[in-house]
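Step one of this worksheet: look at the structure below.
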Amino acid sequence: MAKEQKVRFGFLGAGSIVIHRHALELSQNPDAELVMVYDPIKSRAQRLAETYGMKVAASENALISQKNLDAIVVATPNSEHARLTIAALQAGKHVLCEKPMATTLEDAAAMIRAAEKAGKKLMIGHNQCMMAPHLKAKELLKQGAIGDVLTFRSSFGHGGPETWSQDNGPHTWFFKKEKAYVGSMGDLGVHKAYLLPWLLGSDFVEAGAFIDTKAKRDEKGKPITVDDNAVCILRMANGIMGQLTASWTYGAKEDNVTIIYGSKGQMILGADPEYQVEVLLNNGERARYKVGAVATNTCQVKSGIPDLFVDCILDDLLPPFDGLKGYKALATVVACMQSATSKKICPVQNDLPKTGKKR
Ligand SMILES: NC(=O)c1ccc[n+]([C@@H]2O[C@H](COP(=O)([O-])OP(=O)(O)OC[C@H]3O[C@@H](n4cnc5c(N)ncnc54)[C@H](O)[C@@H]3O)[C@@H](O)[C@H]2O)c1
């Protein structure tokens, strides 16, 4: 695209992530124009359209086939991501798709291939990498601040999506297997399954997990059909091993803490509200950094993801948070789920499958 042009956006989904992050952040970006929105719940589309001066599309296809759009944000329930993303790419649009990118590895692979075939950008909304403590951690790890990394402990939990989603309450799509595919592990665990390889420079290759539904109930008072807690152990290709937990039952306080243990010391991310990055060395030295907080469901922080996507389109750059990394994060979630079912340590299928057979 010519640099003097604005990137014209359409939105599939007018839910919470679009309201709090994508539309809000794009409306503040001088290189973006918000043009059109579709949501099957028309009042949601209308409300967003009124806020940002957009048109409401009559259908998914009406939006996807619009000639005056350059890019589409796919922010629907997880079950719709692959279908809508592929259709948008085939219609010649760049796509920013929310996480988890798909509900099967085959669908995720088809999204990557559709982007390659169309020659369009595909970025996945893995915004944890853009959070200030995680950016600082990456810089410090590169400098060898804690020596060789040996192990990690990372957790992401809050009280659950039923107070966040526009489907507010126990009937939310987040609680339905056919819409979400996976619960806390796909909503929150996938963020850490993406973040840790990005921070530590290696892919997860083996997974073991317990994944259960402990407490959440649907609108009929029955246990929800996806998990609300996941406790996983993971090993990377470079030998680093660690623990990842995801939860929708940490009701009193959101937990987004990662501790990385190295040969010279350890790094604590997101534990101290004032000093979000702390480095404690084995020799007693310590350094603390005030870099800014991670976003929580109740306290939003600019994600930077939409701005980055606009820059990738205008400068014709490969999105740093690309489909393949999204695929590997999903593959880690799938391996954890396979382990929870089989009670075995399972390999992470990091290579794209060759056929379209469902896994
Ligand atoms: N990156 C993050 O930190 C983050 C945070 C929250 C949610 N998400 C992801 O964003 C996506 C949306 O979540 P949310 O929190 O906005 O949920 P939400 O329930 O608030 O909104 C989803 C919206 O999608 C609409 N929708 C359903 N089918 C559609 C279709 N075919 N076309 C267009 N719209 C459709 C629904 O009517 C609803 O308004 C999910 O994949 C979720 O995992 C990501």
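Chains: A, B, ... in order of the structure tokens. Residues: from 1 per chain. Ligands: from 1, in order shown.
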Nearby residues, ligand 1, 6 Å, only C-alpha atoms and all ligand atoms, as a VMD selection string: chain A and resid 12 to 18 38 to 41 60 75 to 78 80 98 to 100 125 to 127 165 to 167 187
Who sits within 8 Å of Met267 (chain A), only C-alpha atoms, same chain under 6 positions skipped, as a list of chain:residue names: A:Ala137, A:Ile146, A:Ile259, A:Ile260, A:Tyr261, A:Val277, A:Glu278, A:Val279, A:Leu280
From A:Lys42, A:His94, A:Arg83, A:Lys354, residue lying nearest Val310 (chain A) [only C-alpha atoms]: A:His94
Helix (DSSP H, G or I) residues, from DSSP on the backbone, in region 258-310 of chain A, as an MDAnalysis selection string: chainID A and resid 305:310
Give me the residues near region 263-266 of chain A as an mmCIF file with C-alpha atoms, in the first residue's frame, where near means some atom within 12 Å (using only C-alpha atoms) and where sequence neighbours in that chain fewer than 3 positions away do not count.
data_model
loop_
_atom_site.group_PDB
_atom_site.id
_atom_site.type_symbol
_atom_site.label_atom_id
_atom_site.label_comp_id
_atom_site.auth_asym_id
_atom_site.auth_seq_id
_atom_site.Cartn_x
_atom_site.Cartn_y
_atom_site.Cartn_z
ATOM 1 C CA ALA A 137 12.262 -9.258 29.995
ATOM 2 C CA LEU A 140 17.269 -8.419 29.644
ATOM 3 C CA LEU A 141 17.326 -12.094 28.672
ATOM 4 C CA GLY A 144 22.211 -12.519 29.608
ATOM 5 C CA ALA A 145 20.952 -10.832 32.791
ATOM 6 C CA ILE A 146 20.269 -14.150 34.550
ATOM 7 C CA GLY A 147 22.759 -16.331 32.641
ATOM 8 C CA ASP A 148 21.547 -19.458 30.864
ATOM 9 C CA VAL A 149 17.836 -20.021 31.380
ATOM 10 C CA LEU A 150 17.110 -23.354 33.039
ATOM 11 C CA THR A 151 13.447 -23.413 34.097
ATOM 12 C CA PHE A 152 10.327 -21.241 34.377
ATOM 13 C CA ARG A 153 7.044 -20.953 36.222
ATOM 14 C CA ILE A 240 14.402 -25.528 29.193
ATOM 15 C CA THR A 258 6.163 -15.400 35.170
ATOM 16 C CA ILE A 259 9.385 -16.355 36.941
ATOM 17 C CA ILE A 260 12.366 -17.365 34.838
ATOM 18 C CA LEU A 269 7.651 -10.537 35.871
ATOM 19 C CA VAL A 277 10.379 -6.588 36.362
ATOM 20 C CA GLU A 278 12.761 -7.740 39.096
ATOM 21 C CA VAL A 279 16.119 -9.426 38.629
ATOM 22 C CA LEU A 280 17.544 -11.235 41.662
ATOM 23 C CA LEU A 281 21.046 -12.590 41.229
ATOM 24 C CA ASN A 282 22.514 -15.562 43.100
ATOM 25 C CA ASN A 283 25.271 -13.268 44.448
ATOM 26 C CA GLY A 284 22.697 -11.103 46.249
ATOM 27 C CA GLU A 285 22.585 -8.236 43.743
ATOM 28 C CA ARG A 286 19.204 -7.096 42.594
ATOM 29 C CA ALA A 287 17.733 -4.748 39.994
ATOM 30 C CA ARG A 288 14.139 -3.578 39.738
#
Which of A:Val257, A:Leu26, A:Cys336, A:Ala215 sits closest to Leu196 (chain A) [using only C-alpha atoms]: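 Looking at the shortest contact to Leu196 (chain A), the residue is A:Val257.
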Strand (DSSP E or B) positions in region 229-299 of chain A, given as number ranges by chain: A: 229-236, 241-247, 255, 258-262, 265-269, 277-281, 286-289
Closest of A:Gly262, A:Pro30, A:Pro223, A:Pro353 to Lys177 (chain A) - atom-to-atom distances counting only C-alpha atoms: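 Closest residue, counting only C-alpha atoms: A:Pro223.
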For CA of Ala57 (chain A) and CA of Lys179 (chain A), the interatomic separation in Å (one decimal):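 About the pair CA of Ala57 (chain A) and CA of Lys179 (chain A): they are 22.5 Å apart.
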Exercise: Leu318 (chain A) partners within 10 Å, only C-alpha atoms, chain neighbours under 3 positions left out, as a list in words: Lys120, Lys121, Leu122, Met123, Phe309, Asp311, Cys312, Ile313, Asp315, Phe321 and Asp322 of chain A
Pick from A:Val37, A:Ala132, A:Ile19, A:Ala180 nearest to Gly270 (chain A), counting only C-alpha atoms: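 Going through A:Val37, A:Ala132, A:Ile19, A:Ala180 one by one, the smallest distance to Gly270 (chain A) is for A:Ala132.
Distances here use only C-alpha atoms; by that measure, the residue among A:Lys222, A:Lys302, A:Lys343, A:Lys138 closest to Ala23 (chain A) is A:Lys302.
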Counting only C-alpha atoms, the residue of A:Phe175, A:Thr85, A:Ser59, A:Gly208 that sits nearest Arg113 (chain A):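 Going through A:Phe175, A:Thr85, A:Ser59, A:Gly208 one by one, the smallest distance to Arg113 (chain A) is for A:Thr85.
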Point-to-point distance from CA of Gly304 (chain A) to CA of Tyr275 (chain A), Å rounded to tenths: 21.1 Å
Shell around region 7-10 of chain A at 8 Å using only C-alpha atoms, local window under 4 positions removed, as an MDAnalysis selection string: chainID A and resid 31:37 63 68:73 310 313:314
Only C-alpha atoms, please: the residues just picked out, written as a PDB file, in the first residue's frame.
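Output file out_4.pdb is given in full below:
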ATOM      1  CA  ASP A  31      -2.969   5.730   9.485  1.00  0.00           C
ATOM      2  CA  ALA A  32      -6.164   3.728  10.057  1.00  0.00           C
ATOM      3  CA  GLU A  33      -9.756   4.322   9.012  1.00  0.00           C
ATOM      4  CA  LEU A  34     -12.644   2.434  10.634  1.00  0.00           C
ATOM      5  CA  VAL A  35     -15.128   1.684   7.868  1.00  0.00           C
ATOM      6  CA  MET A  36     -17.521  -1.176   8.590  1.00  0.00           C
ATOM      7  CA  VAL A  37     -18.597  -3.717  11.189  1.00  0.00           C
ATOM      8  CA  LEU A  63     -18.301  -7.087   4.819  1.00  0.00           C
ATOM      9  CA  ASN A  68     -13.227  -0.338   0.090  1.00  0.00           C
ATOM     10  CA  LEU A  69     -11.606  -2.396   2.863  1.00  0.00           C
ATOM     11  CA  ASP A  70      -7.916  -3.284   3.099  1.00  0.00           C
ATOM     12  CA  ALA A  71      -7.947  -5.236   6.359  1.00  0.00           C
ATOM     13  CA  ILE A  72     -10.341  -7.156   8.566  1.00  0.00           C
ATOM     14  CA  VAL A  73     -10.207  -7.815  12.299  1.00  0.00           C
ATOM     15  CA  VAL A 310      -1.070  -1.162  10.466  1.00  0.00           C
ATOM     16  CA  ILE A 313       0.679  -3.396   6.096  1.00  0.00           C
ATOM     17  CA  LEU A 314       2.007   0.051   5.225  1.00  0.00           C
TER      18      LEU A 314
END
